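*Asks:* Data file final39.cif (mmCIF, C-alpha atoms) is appended below.
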```cif
data_input
#
loop_
_atom_site.label_atom_id
_atom_site.label_comp_id
_atom_site.auth_asym_id
_atom_site.auth_seq_id
_atom_site.Cartn_x
_atom_site.Cartn_y
_atom_site.Cartn_z
CA MET Z 1 263.91 132.91 277.50
CA ILE Z 2 261.40 131.02 279.62
CA LEU Z 3 260.01 132.96 282.58
CA VAL Z 4 258.79 131.02 285.62
CA THR Z 5 256.58 132.72 288.22
CA VAL Z 6 254.76 131.59 291.36
CA GLY Z 7 253.00 134.88 292.17
CA MET Z 8 253.55 137.26 295.06
CA GLN Z 9 251.99 135.43 297.97
CA LEU Z 10 253.33 131.89 298.48
CA GLY Z 11 256.31 129.79 297.51
CA PHE Z 12 255.73 126.84 295.18
CA ASP Z 13 258.73 124.50 295.45
CA ARG Z 14 257.17 121.73 293.35
CA LEU Z 15 257.15 124.00 290.31
CA ILE Z 16 260.54 125.58 291.01
CA GLU Z 17 262.25 122.24 291.60
CA ALA Z 18 260.73 120.69 288.48
CA MET Z 19 261.78 123.67 286.36
CA ASP Z 20 265.29 123.57 287.83
CA ARG Z 21 265.58 119.92 286.78
CA LEU Z 22 264.29 120.72 283.28
CA ALA Z 23 266.36 123.86 282.76
CA PRO Z 24 269.58 122.17 281.45
CA ASP Z 25 267.60 120.37 278.74
CA LEU Z 26 265.71 123.41 277.51
CA ASP Z 27 267.30 125.17 274.56
CA THR Z 28 266.87 128.59 276.15
CA ALA Z 29 267.63 130.44 279.41
CA VAL Z 30 265.23 130.07 282.31
CA ILE Z 31 264.57 132.86 284.82
CA ALA Z 32 262.44 132.10 287.87
CA GLN Z 33 260.56 134.21 290.39
CA THR Z 34 260.43 131.75 293.28
CA GLY Z 35 258.60 133.44 296.13
CA LYS Z 36 259.39 132.27 299.64
CA GLY Z 37 260.30 128.67 298.82
CA ARG Z 38 262.87 126.43 300.49
CA TYR Z 39 264.35 124.87 297.37
CA VAL Z 40 267.46 126.63 296.03
CA PRO Z 41 267.69 126.39 292.22
CA ARG Z 42 271.05 125.46 290.70
CA ASN Z 43 270.39 125.46 286.99
CA MET Z 44 268.43 128.64 286.46
CA GLU Z 45 268.56 132.30 287.46
CA ALA Z 46 266.27 132.75 290.47
CA HIS Z 47 264.84 135.73 292.35
CA GLU Z 48 262.49 135.58 295.32
CA LYS Z 49 260.67 138.67 294.09
CA ILE Z 50 260.84 140.64 290.87
CA GLU Z 51 259.38 144.15 291.04
CA PRO Z 52 256.60 144.80 288.53
CA ALA Z 53 258.70 147.46 286.80
CA ARG Z 54 261.34 144.82 286.04
CA PHE Z 55 258.93 141.94 285.62
CA GLU Z 56 256.86 143.43 282.78
CA PRO Z 57 259.83 143.82 280.36
CA MET Z 58 260.83 140.24 281.21
CA VAL Z 59 257.37 139.02 280.25
CA LYS Z 60 257.65 141.00 277.05
CA SER Z 61 260.90 139.32 276.05
CA ALA Z 62 259.91 135.82 277.23
CA GLU Z 63 259.08 133.12 274.76
CA VAL Z 64 256.90 131.14 277.18
CA ILE Z 65 255.62 131.80 280.72
CA VAL Z 66 255.45 128.88 283.17
CA SER Z 67 253.35 129.67 286.21
CA HIS Z 68 251.17 128.58 289.08
CA ALA Z 69 247.52 128.84 288.03
CA GLY Z 70 247.14 132.38 289.36
CA ILE Z 71 244.84 134.68 287.49
CA GLY Z 72 247.36 137.56 287.68
CA SER Z 73 249.85 135.50 285.68
CA VAL Z 74 247.22 134.47 283.14
CA LEU Z 75 246.18 138.10 282.62
CA THR Z 76 249.80 139.26 282.31
CA ALA Z 77 250.58 136.59 279.71
CA ALA Z 78 247.43 137.55 277.79
CA ARG Z 79 248.42 141.22 277.84
CA TYR Z 80 251.64 140.41 275.97
CA ALA Z 81 250.14 137.58 273.87
CA LYS Z 82 252.53 135.02 275.40
CA PRO Z 83 251.75 131.32 275.64
CA ILE Z 84 251.47 130.24 279.27
CA VAL Z 85 251.86 126.82 280.89
CA LEU Z 86 249.95 126.48 284.18
CA LEU Z 87 250.68 124.05 287.01
CA PRO Z 88 247.86 124.32 289.60
CA ARG Z 89 248.67 124.45 293.33
CA ARG Z 90 247.10 121.67 295.36
CA ALA Z 91 245.65 122.08 298.84
CA SER Z 92 246.55 118.45 299.67
CA LEU Z 93 250.25 119.37 299.26
CA ASN Z 94 249.82 122.52 301.38
CA GLU Z 95 250.41 124.69 298.35
CA HIS Z 96 247.31 126.80 298.95
CA ARG Z 97 244.42 126.93 301.41
CA ASN Z 98 242.00 125.37 298.91
CA ASP Z 99 241.88 123.86 295.43
CA HIS Z 100 240.67 126.96 293.56
CA GLN Z 101 243.65 126.72 291.18
CA MET Z 102 242.41 123.26 290.14
CA ALA Z 103 239.08 124.89 289.35
CA THR Z 104 240.81 127.69 287.44
CA VAL Z 105 242.63 125.27 285.14
CA ARG Z 106 239.47 123.26 284.51
CA LYS Z 107 237.81 126.45 283.32
CA LEU Z 108 240.75 127.69 281.26
CA GLU Z 109 241.65 124.42 279.57
CA GLY Z 110 241.45 124.65 275.79
CA ARG Z 111 241.74 128.44 275.55
CA PRO Z 112 244.19 129.68 272.93
CA GLY Z 113 247.69 130.15 274.35
CA ILE Z 114 246.90 128.42 277.68
CA LEU Z 115 248.37 124.97 278.36
CA ILE Z 116 247.72 122.96 281.50
CA ALA Z 117 250.17 120.64 283.27
CA GLN Z 118 248.11 118.61 285.75
CA ASP Z 119 251.33 117.72 287.56
CA GLU Z 120 255.04 118.39 287.22
CA SER Z 121 255.60 115.31 285.00
CA GLU Z 122 253.62 117.03 282.23
CA LEU Z 123 255.64 120.26 282.29
CA ALA Z 124 258.28 119.34 279.67
CA GLU Z 125 255.66 118.29 277.14
CA ARG Z 126 253.48 121.38 277.70
CA ILE Z 127 256.51 123.69 277.41
CA ARG Z 128 257.41 122.08 274.07
CA GLU Z 129 253.85 122.63 272.87
CA ALA Z 130 253.92 126.24 274.06
CA GLN Z 131 257.23 126.89 272.29
CA ALA Z 132 255.72 125.50 269.09
CA LEU Z 133 252.82 127.99 269.37
CA GLY Z 134 255.03 131.05 269.16
CA GLU Z 135 253.50 134.45 269.57
CA ALA Z 136 249.85 134.48 268.63
CA PRO Z 137 248.17 137.78 267.81
CA GLN Z 138 246.12 138.65 270.85
CA GLN Z 139 242.42 138.15 270.46
CA GLN Z 140 240.11 140.51 272.30
CA ALA Z 141 237.62 138.16 273.92
CA PRO Z 142 233.99 139.18 273.32
CA SER Z 143 233.37 138.60 277.03
CA ILE Z 144 235.50 141.59 278.07
CA GLN Z 145 233.67 143.91 275.68
CA GLN Z 146 230.43 142.67 277.22
CA LEU Z 147 231.79 143.48 280.69
CA HIS Z 148 232.85 147.00 279.62
CA ASN Z 149 229.37 147.69 278.25
CA ALA Z 150 227.68 146.34 281.37
CA LEU Z 151 229.94 148.43 283.61
CA ALA Z 152 229.07 151.61 281.71
CA ASP Z 153 225.38 150.66 281.97
CA PHE Z 154 225.72 150.24 285.73
CA ILE Z 155 227.60 153.50 286.27
CA GLU Z 156 225.08 155.44 284.21
CA GLY Z 157 222.15 153.84 286.01
CA ARG Z 158 220.79 151.68 283.21
CA ILE Z 159 221.38 148.60 285.38
CA LEU Z 160 219.99 149.19 288.87
CA MET I 1 231.04 158.91 275.94
CA GLY I 2 230.50 158.71 279.68
CA GLU I 3 229.28 161.41 282.03
CA TYR I 4 232.46 162.90 283.42
CA ASN I 5 230.73 164.45 286.42
CA LYS I 6 229.83 160.97 287.75
CA ARG I 7 232.15 160.25 290.67
CA VAL I 8 233.19 156.62 290.52
CA MET I 9 235.29 154.99 293.23
CA ALA I 10 237.14 151.91 291.92
CA VAL I 11 238.71 149.71 294.59
CA ALA I 12 241.06 146.72 294.30
CA SER I 13 243.78 145.12 296.40
CA GLY I 14 247.22 144.63 294.86
CA GLY I 15 247.84 141.55 292.68
CA GLY I 16 245.20 139.81 290.57
CA HIS I 17 242.34 142.00 291.85
CA TRP I 18 244.19 145.09 290.65
CA ASP I 19 245.01 143.47 287.28
CA GLU I 20 241.31 142.86 286.74
CA LEU I 21 240.43 146.43 287.69
CA MET I 22 243.05 147.77 285.27
CA LEU I 23 241.45 145.83 282.43
CA LEU I 24 238.28 147.83 283.10
CA ARG I 25 240.17 151.11 283.01
CA PRO I 26 239.09 152.26 279.53
CA THR I 27 235.47 152.33 280.74
CA LEU I 28 236.21 153.68 284.24
CA GLU I 29 238.12 156.63 282.83
CA GLN I 30 235.12 157.91 280.95
CA TYR I 31 234.01 159.07 284.39
CA ASN I 32 235.52 161.02 287.27
CA VAL I 33 237.26 158.00 288.75
CA GLN I 34 239.05 157.75 292.09
CA TYR I 35 241.17 154.63 292.52
CA VAL I 36 241.68 153.02 295.93
CA THR I 37 244.18 150.23 296.50
CA THR I 38 246.35 148.48 299.10
CA ASP I 39 249.44 148.95 296.93
CA THR I 40 249.88 152.54 295.73
CA ALA I 41 253.35 151.73 294.28
CA LEU I 42 251.64 149.29 291.93
CA ALA I 43 249.12 151.98 290.99
CA GLN I 44 251.96 154.37 290.19
CA GLN I 45 253.40 151.84 287.78
CA HIS I 46 250.15 152.19 285.88
CA GLY I 47 250.55 155.97 285.94
CA ILE I 48 247.93 156.46 288.66
CA THR I 49 249.42 158.91 291.15
CA ALA I 50 246.33 159.98 293.07
CA ALA I 51 245.19 156.56 294.33
CA GLU I 52 244.00 156.42 297.94
CA ARG I 53 245.69 153.77 300.07
CA LEU I 54 243.86 151.26 302.24
CA PRO I 55 245.67 148.80 304.52
CA ASP I 56 245.33 145.19 303.43
CA CYS I 57 243.11 143.10 305.68
CA ASN I 58 241.22 139.85 305.90
CA ARG I 59 238.79 138.28 308.30
CA ASN I 60 241.58 136.63 310.32
CA LYS I 61 243.12 139.87 311.56
CA LEU I 62 240.51 141.77 313.54
CA PHE I 63 242.44 144.92 314.45
CA ARG I 64 243.82 145.31 310.98
CA ALA I 65 240.29 144.90 309.64
CA LEU I 66 239.00 147.57 312.02
CA TYR I 67 241.73 149.98 310.92
CA CYS I 68 240.94 149.21 307.30
CA GLY I 69 237.26 149.89 308.01
CA VAL I 70 238.02 153.27 309.58
CA ARG I 71 240.19 154.23 306.59
CA ALA I 72 237.46 153.04 304.20
CA VAL I 73 234.86 155.25 305.92
CA TRP I 74 237.22 158.21 305.75
CA ILE I 75 238.00 157.70 302.06
CA VAL I 76 234.31 157.33 301.14
CA LEU I 77 233.40 160.45 303.16
CA LYS I 78 236.22 162.41 301.54
CA HIS I 79 235.28 161.58 297.96
CA ARG I 80 231.50 161.06 298.22
CA PRO I 81 231.29 158.76 295.17
CA HIS I 82 228.04 158.28 293.25
CA VAL I 83 229.15 154.76 292.39
CA VAL I 84 231.55 152.35 294.16
CA ILE I 85 232.85 149.29 292.36
CA SER I 86 235.32 146.67 293.57
CA THR I 87 237.01 143.64 292.03
CA GLY I 88 238.07 142.52 295.55
CA ALA I 89 239.10 141.76 298.12
CA ALA I 90 238.07 142.57 301.74
CA PRO I 91 239.19 146.25 301.69
CA GLY I 92 237.10 146.76 298.54
CA PHE I 93 234.14 145.15 300.26
CA MET I 94 234.45 147.67 303.10
CA CYS I 95 234.31 150.54 300.63
CA LEU I 96 231.16 149.03 299.10
CA LEU I 97 229.56 148.63 302.52
CA PHE I 98 230.23 152.21 303.64
CA GLY I 99 229.62 153.55 300.16
CA ARG I 100 226.16 152.02 300.20
CA MET I 101 225.44 153.38 303.69
CA LEU I 102 226.35 156.83 302.39
CA GLY I 103 224.07 156.59 299.38
CA ALA I 104 226.34 155.37 296.57
CA ARG I 105 225.29 152.71 294.08
CA THR I 106 227.54 149.72 294.60
CA LEU I 107 228.84 146.91 292.41
CA TRP I 108 230.94 143.90 293.36
CA ILE I 109 232.69 142.08 290.50
CA ASP I 110 233.87 138.75 291.85
CA SER I 111 237.35 137.76 290.66
CA VAL I 112 237.64 135.60 287.56
CA ALA I 113 239.92 133.47 289.76
CA ASN I 114 236.82 132.16 291.51
CA GLY I 115 235.60 129.51 289.11
CA GLU I 116 233.62 127.17 291.34
CA GLU I 117 232.44 129.30 294.21
CA LEU I 118 232.18 133.00 295.01
CA SER I 119 234.65 134.54 297.44
CA MET I 120 233.43 135.16 300.99
CA CYS I 121 233.12 138.88 300.26
CA GLY I 122 231.35 138.08 297.00
CA LYS I 123 228.70 136.13 298.90
CA LEU I 124 228.28 138.95 301.42
CA SER I 125 228.03 141.45 298.58
CA MET I 126 224.93 139.68 297.25
CA THR I 127 223.05 141.29 300.12
CA VAL I 128 225.24 144.35 300.77
CA ALA I 129 225.86 145.66 297.24
CA HIS I 130 223.26 146.71 294.66
CA GLN I 131 224.74 144.25 292.20
CA CYS I 132 227.06 141.26 292.43
CA TRP I 133 228.57 140.05 289.17
CA VAL I 134 230.38 136.77 288.65
CA GLN I 135 232.73 136.08 285.75
CA TRP I 136 231.70 132.50 285.01
CA GLU I 137 228.23 131.90 283.61
CA ASP I 138 227.51 128.83 285.74
CA LEU I 139 228.13 130.81 288.96
CA ALA I 140 225.26 133.21 288.33
CA MET I 141 222.38 132.61 290.74
CA GLY I 142 218.94 133.97 289.94
CA ASN I 143 218.53 137.51 291.21
CA SER I 144 221.46 137.54 293.60
CA SER I 145 224.44 137.29 291.22
CA HIS I 146 224.68 137.90 287.50
CA TYR I 147 227.04 137.11 284.66
CA ARG I 148 227.66 140.17 282.49
CA GLY I 149 230.93 139.29 280.79
CA ALA I 150 234.44 138.56 282.05
CA VAL I 151 237.97 139.92 281.82
CA LEU I 152 239.22 136.70 280.24
#
```
Is it possible to express this structure as structure tokens?
*Replies:*
Amino acid sequence: MILVTVGMQLGFDRLIEAMDRLAPDLDTAVIAQTGKGRYVPRNMEAHEKIEPARFEPMVKSAEVIVSHAGIGSVLTAARYAKPIVLLPRRASLNEHRNDHQMATVRKLEGRPGILIAQDESELAERIREAQALGEAPQQQAPSIQQLHNALADFIEGRIL
Amino acid sequence: MGEYNKRVMAVASGGGHWDELMLLRPTLEQYNVQYVTTDTALAQQHGITAAERLPDCNRNKLFRALYCGVRAVWIVLKHRPHVVISTGAAPGFMCLLFGRMLGARTLWIDSVANGEELSMCGKLSMTVAHQCWVQWEDLAMGNSSHYRGAVL
């Protein structure tokens, strides 16, 4: 199953519409969390919201996550070692108030398990690549261990 | 092993901010930690039943922000933390502000979602909080913001 998500705050019709067009050609079911969009999907199961308690098991059983470039989605995919395809929201299309998702994908490009679709025309290709990756054993990034150590240092007064 | 008698207040709004805070949980829970969030249902899904609730707010809604500020003062007074940390957003900033006024040591960790520029609260925290940490090395600026690792 491929799980599509646009986050909790805003709709993202460009992603939902593109995934709805792709869905019949994908060899697996597609389930989408659409947010408050206008487009009504015809070829995939769609829910405006999916409660976290239901969403987490869906992530767990998904083969690939396709998402806006929200950090919550990236962290969720990482937690379950799922490959994730990111389509950034663009301020020029009124998809967000600024282009921070463009910045996010620039920073994340090339990380294991993270694939970037610069626009909707690249989605099919990136999804194929993600499917080929399969489930990679999750690597604990050294940067998070560094952050844990620094946080303990701050709390205990070694960093003032 | 941490010092369990250290009272740590850890504040994050629902969504990505909360996800980032939860990734820091193994370290936070070596102390006497009190969570504060805008979405206590979300906290309960992580097995945190005693989280304090703050209303969500941003700079565009003045009255909501005032209410959030009053709640933040109350929560800080009630728990008297030694340390306040927040991964965002505005409600967390308020807890840092009042926490600092009441003698806590305060740390802002700007969201990893901010890759090119700090959030508005992050920028304010450079003067309000004791420390402001960014999660991308090239965002660190001299003495005002530091890179000390990242959740990704």
*Asks:* Mind telling me what the PyMOL selection byres ((chain Z) within 7 of (chain I)) catches here, as a PDB file with C-alpha atoms, keeping the file's coordinate frame?
*Replies:*
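To be explicit, this is the file written out as out17.pdb:
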```
ATOM      1  CA  ALA Z  53     258.700 147.460 286.800  1.00  0.00           C
ATOM      2  CA  ILE Z  71     244.840 134.680 287.490  1.00  0.00           C
ATOM      3  CA  GLY Z  72     247.360 137.560 287.680  1.00  0.00           C
ATOM      4  CA  HIS Z 100     240.670 126.960 293.560  1.00  0.00           C
ATOM      5  CA  ALA Z 103     239.080 124.890 289.350  1.00  0.00           C
ATOM      6  CA  THR Z 104     240.810 127.690 287.440  1.00  0.00           C
ATOM      7  CA  LYS Z 107     237.810 126.450 283.320  1.00  0.00           C
ATOM      8  CA  ALA Z 141     237.620 138.160 273.920  1.00  0.00           C
ATOM      9  CA  SER Z 143     233.370 138.600 277.030  1.00  0.00           C
ATOM     10  CA  ILE Z 144     235.500 141.590 278.070  1.00  0.00           C
ATOM     11  CA  GLN Z 146     230.430 142.670 277.220  1.00  0.00           C
ATOM     12  CA  LEU Z 147     231.790 143.480 280.690  1.00  0.00           C
ATOM     13  CA  HIS Z 148     232.850 147.000 279.620  1.00  0.00           C
ATOM     14  CA  ALA Z 150     227.680 146.340 281.370  1.00  0.00           C
ATOM     15  CA  ALA Z 152     229.070 151.610 281.710  1.00  0.00           C
ATOM     16  CA  ILE Z 155     227.600 153.500 286.270  1.00  0.00           C
TER      17      ILE Z 155
END
```
*Asks:* If we count only C-alpha atoms, what is near I:Ile48 at a cut-off of 12 Å, once residues fewer than 6 positions away on the same chain are taken out, given as a list in words?
*Replies:*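 Result of the neighbour search: Met22, Arg25, Glu29, Val33, Gln34, Tyr35, Val36, Thr37, Asp39, Thr40, Ala41 and Leu42 of chain I.
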*Asks:* Could you spell out the hits of the PyMOL selection byres ((chain Z and resi 101) around 7) on the shown file, as an mmCIF file with C-alpha atoms, in the coordinates of the input?
*Replies:*
```cif
data_model
loop_
_atom_site.group_PDB
_atom_site.id
_atom_site.type_symbol
_atom_site.label_atom_id
_atom_site.label_comp_id
_atom_site.auth_asym_id
_atom_site.auth_seq_id
_atom_site.Cartn_x
_atom_site.Cartn_y
_atom_site.Cartn_z
ATOM 1 C CA ALA Z 69 247.520 128.840 288.030
ATOM 2 C CA GLY Z 70 247.140 132.380 289.360
ATOM 3 C CA PRO Z 88 247.860 124.320 289.600
ATOM 4 C CA ARG Z 89 248.670 124.450 293.330
ATOM 5 C CA ASP Z 99 241.880 123.860 295.430
ATOM 6 C CA HIS Z 100 240.670 126.960 293.560
ATOM 7 C CA MET Z 102 242.410 123.260 290.140
ATOM 8 C CA ALA Z 103 239.080 124.890 289.350
ATOM 9 C CA THR Z 104 240.810 127.690 287.440
ATOM 10 C CA VAL Z 105 242.630 125.270 285.140
#
```
*Asks:* I'd like the interatomic distance between atom CA of Z:Phe55 and atom CA of Z:Leu26, to a tenth of an Å.
*Replies:* 21.3 Å
*Asks:* If we count only C-alpha atoms and set the cut-off at 7 Å, which residues sit around I:Leu54, ignoring sequence neighbours fewer than 6 positions away in its own chain? Please answer as a ChimeraX atom specification.
*Replies:* /I:36-38,68,71-72,91
*Asks:* Please dump the current selection as an mmCIF file, in the frame of the given file; keep C-alpha atoms.
*Replies:*
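Listing of result_36.cif after writing:
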```cif
data_model
loop_
_atom_site.group_PDB
_atom_site.id
_atom_site.type_symbol
_atom_site.label_atom_id
_atom_site.label_comp_id
_atom_site.auth_asym_id
_atom_site.auth_seq_id
_atom_site.Cartn_x
_atom_site.Cartn_y
_atom_site.Cartn_z
ATOM 1 C CA VAL I 36 241.680 153.020 295.930
ATOM 2 C CA THR I 37 244.180 150.230 296.500
ATOM 3 C CA THR I 38 246.350 148.480 299.100
ATOM 4 C CA CYS I 68 240.940 149.210 307.300
ATOM 5 C CA ARG I 71 240.190 154.230 306.590
ATOM 6 C CA ALA I 72 237.460 153.040 304.200
ATOM 7 C CA PRO I 91 239.190 146.250 301.690
#
```
*Asks:* Which value, in Å to one decimal, gives the distance between atom CA of Z:His47 and atom CA of Z:Thr34?
*Replies:*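 One can read the atom CA of Z:His47 to atom CA of Z:Thr34 distance as 6.0 Å.
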*Asks:* For a quick check of understanding, using all atoms listed in the file, which of I:Ala140, I:Met101, I:Ala90, I:Ala10 has the smallest distance to I:Leu124?
*Replies:*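 The answer is I:Ala90, which sits nearest to I:Leu124.
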*Asks:* What is the distance, in Å and to one decimal place, between atom CA of Z:Val59 and atom CA of Z:Arg42?
*Replies:*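 Taking atom CA of Z:Val59 and atom CA of Z:Arg42, their separation equals 21.9 Å.
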*Asks:* Set the distance at 12 Å and use all atoms listed in the file: which residues neighbour I:Met94 once local chain neighbours fewer than 3 positions away are removed? I'd like the list as a PDB file with C-alpha atoms, keeping the file's coordinate frame.
*Replies:*
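Wrote it out as around-v3.pdb, contents follow:
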```pdb
ATOM      1  CA  VAL I  11     238.710 149.710 294.590  1.00  0.00           C
ATOM      2  CA  ALA I  12     241.060 146.720 294.300  1.00  0.00           C
ATOM      3  CA  SER I  13     243.780 145.120 296.400  1.00  0.00           C
ATOM      4  CA  VAL I  36     241.680 153.020 295.930  1.00  0.00           C
ATOM      5  CA  LEU I  54     243.860 151.260 302.240  1.00  0.00           C
ATOM      6  CA  PRO I  55     245.670 148.800 304.520  1.00  0.00           C
ATOM      7  CA  ASP I  56     245.330 145.190 303.430  1.00  0.00           C
ATOM      8  CA  CYS I  57     243.110 143.100 305.680  1.00  0.00           C
ATOM      9  CA  ASN I  58     241.220 139.850 305.900  1.00  0.00           C
ATOM     10  CA  ARG I  59     238.790 138.280 308.300  1.00  0.00           C
ATOM     11  CA  ALA I  65     240.290 144.900 309.640  1.00  0.00           C
ATOM     12  CA  LEU I  66     239.000 147.570 312.020  1.00  0.00           C
ATOM     13  CA  TYR I  67     241.730 149.980 310.920  1.00  0.00           C
ATOM     14  CA  CYS I  68     240.940 149.210 307.300  1.00  0.00           C
ATOM     15  CA  GLY I  69     237.260 149.890 308.010  1.00  0.00           C
ATOM     16  CA  VAL I  70     238.020 153.270 309.580  1.00  0.00           C
ATOM     17  CA  ARG I  71     240.190 154.230 306.590  1.00  0.00           C
ATOM     18  CA  ALA I  72     237.460 153.040 304.200  1.00  0.00           C
ATOM     19  CA  VAL I  73     234.860 155.250 305.920  1.00  0.00           C
ATOM     20  CA  TRP I  74     237.220 158.210 305.750  1.00  0.00           C
ATOM     21  CA  ILE I  75     238.000 157.700 302.060  1.00  0.00           C
ATOM     22  CA  VAL I  76     234.310 157.330 301.140  1.00  0.00           C
ATOM     23  CA  VAL I  84     231.550 152.350 294.160  1.00  0.00           C
ATOM     24  CA  ILE I  85     232.850 149.290 292.360  1.00  0.00           C
ATOM     25  CA  SER I  86     235.320 146.670 293.570  1.00  0.00           C
ATOM     26  CA  GLY I  88     238.070 142.520 295.550  1.00  0.00           C
ATOM     27  CA  ALA I  89     239.100 141.760 298.120  1.00  0.00           C
ATOM     28  CA  ALA I  90     238.070 142.570 301.740  1.00  0.00           C
ATOM     29  CA  PRO I  91     239.190 146.250 301.690  1.00  0.00           C
ATOM     30  CA  LEU I  97     229.560 148.630 302.520  1.00  0.00           C
ATOM     31  CA  PHE I  98     230.230 152.210 303.640  1.00  0.00           C
ATOM     32  CA  GLY I  99     229.620 153.550 300.160  1.00  0.00           C
ATOM     33  CA  ARG I 100     226.160 152.020 300.200  1.00  0.00           C
ATOM     34  CA  MET I 101     225.440 153.380 303.690  1.00  0.00           C
ATOM     35  CA  THR I 106     227.540 149.720 294.600  1.00  0.00           C
ATOM     36  CA  TRP I 108     230.940 143.900 293.360  1.00  0.00           C
ATOM     37  CA  CYS I 121     233.120 138.880 300.260  1.00  0.00           C
ATOM     38  CA  GLY I 122     231.350 138.080 297.000  1.00  0.00           C
ATOM     39  CA  LEU I 124     228.280 138.950 301.420  1.00  0.00           C
ATOM     40  CA  SER I 125     228.030 141.450 298.580  1.00  0.00           C
ATOM     41  CA  VAL I 128     225.240 144.350 300.770  1.00  0.00           C
ATOM     42  CA  ALA I 129     225.860 145.660 297.240  1.00  0.00           C
TER      43      ALA I 129
END
```
*Asks:* Please determine, counting only C-alpha atoms, which residue among Z:His68, Z:Gly11, Z:Ile16, Z:Gln33 has the shortest atom-to-atom distance to Z:Arg54.
*Replies:*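 Using only C-alpha atoms, the shortest distance to Z:Arg54 belongs to Z:Gln33.
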*Asks:* If you count only C-alpha atoms, which residues fall within 8 Å of Z:Leu15, apart from same-chain ones fewer than 5 positions away, as a ChimeraX atom specification?
*Replies:* /Z:67-68,87,120
*Asks:* If the PyMOL selection byres ((chain Z and resi 48) around 10) were run on this exact file, what residues would it hold? Put them as a list of chain:residue names.
*Replies:*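 Expected selection for the PyMOL selection byres ((chain Z and resi 48) around 10) here is Z:Thr5, Z:Val6, Z:Met8, Z:Gly11, Z:Ala32, Z:Gln33, Z:Thr34, Z:Gly35, Z:Lys36, Z:Gly37, Z:Ala46, Z:His47, Z:Lys49, Z:Ile50.
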*Asks:* As a JSON list (two decimals), in the frame of the given file, could you write out stretch 124-138 of chain I once it has been completed with N, CA and C atoms?
*Replies:*
```json
[["chain", "number", "residue", "atom", "x", "y", "z"],
["I", 124, "LEU", "N", 228.84, 137.87, 300.59],
["I", 124, "LEU", "CA", 228.28, 138.95, 301.42],
["I", 124, "LEU", "C", 227.74, 140.08, 300.54],
["I", 125, "SER", "N", 228.43, 140.33, 299.43],
["I", 125, "SER", "CA", 228.03, 141.45, 298.58],
["I", 125, "SER", "C", 226.68, 141.21, 297.93],
["I", 126, "MET", "N", 226.25, 139.94, 297.85],
["I", 126, "MET", "CA", 224.93, 139.68, 297.25],
["I", 126, "MET", "C", 223.84, 140.37, 298.04],
["I", 127, "THR", "N", 224.05, 140.56, 299.35],
["I", 127, "THR", "CA", 223.05, 141.29, 300.12],
["I", 127, "THR", "C", 223.47, 142.74, 300.37],
["I", 128, "VAL", "N", 224.77, 143.01, 300.42],
["I", 128, "VAL", "CA", 225.24, 144.35, 300.77],
["I", 128, "VAL", "C", 225.26, 145.29, 299.56],
["I", 129, "ALA", "N", 225.72, 144.79, 298.41],
["I", 129, "ALA", "CA", 225.86, 145.66, 297.24],
["I", 129, "ALA", "C", 224.58, 145.65, 296.40],
["I", 130, "HIS", "N", 224.41, 146.68, 295.56],
["I", 130, "HIS", "CA", 223.26, 146.71, 294.66],
["I", 130, "HIS", "C", 223.34, 145.58, 293.65],
["I", 131, "GLN", "N", 224.56, 145.32, 293.18],
["I", 131, "GLN", "CA", 224.74, 144.25, 292.20],
["I", 131, "GLN", "C", 225.98, 143.45, 292.55],
["I", 132, "CYS", "N", 225.90, 142.13, 292.31],
["I", 132, "CYS", "CA", 227.06, 141.26, 292.43],
["I", 132, "CYS", "C", 227.19, 140.53, 291.10],
["I", 133, "TRP", "N", 228.34, 140.71, 290.46],
["I", 133, "TRP", "CA", 228.57, 140.05, 289.17],
["I", 133, "TRP", "C", 229.64, 138.99, 289.32],
["I", 134, "VAL", "N", 229.40, 137.85, 288.67],
["I", 134, "VAL", "CA", 230.38, 136.77, 288.65],
["I", 134, "VAL", "C", 230.94, 136.68, 287.22],
["I", 135, "GLN", "N", 232.10, 136.10, 287.08],
["I", 135, "GLN", "CA", 232.73, 136.08, 285.75],
["I", 135, "GLN", "C", 232.71, 134.70, 285.09],
["I", 136, "TRP", "N", 231.92, 133.80, 285.65],
["I", 136, "TRP", "CA", 231.70, 132.50, 285.01],
["I", 136, "TRP", "C", 230.18, 132.30, 284.97],
["I", 137, "GLU", "N", 229.68, 131.95, 283.78],
["I", 137, "GLU", "CA", 228.23, 131.90, 283.61],
["I", 137, "GLU", "C", 227.54, 130.96, 284.61],
["I", 138, "ASP", "N", 228.18, 129.82, 284.89],
["I", 138, "ASP", "CA", 227.51, 128.83, 285.74],
["I", 138, "ASP", "C", 227.53, 129.21, 287.22]]
```
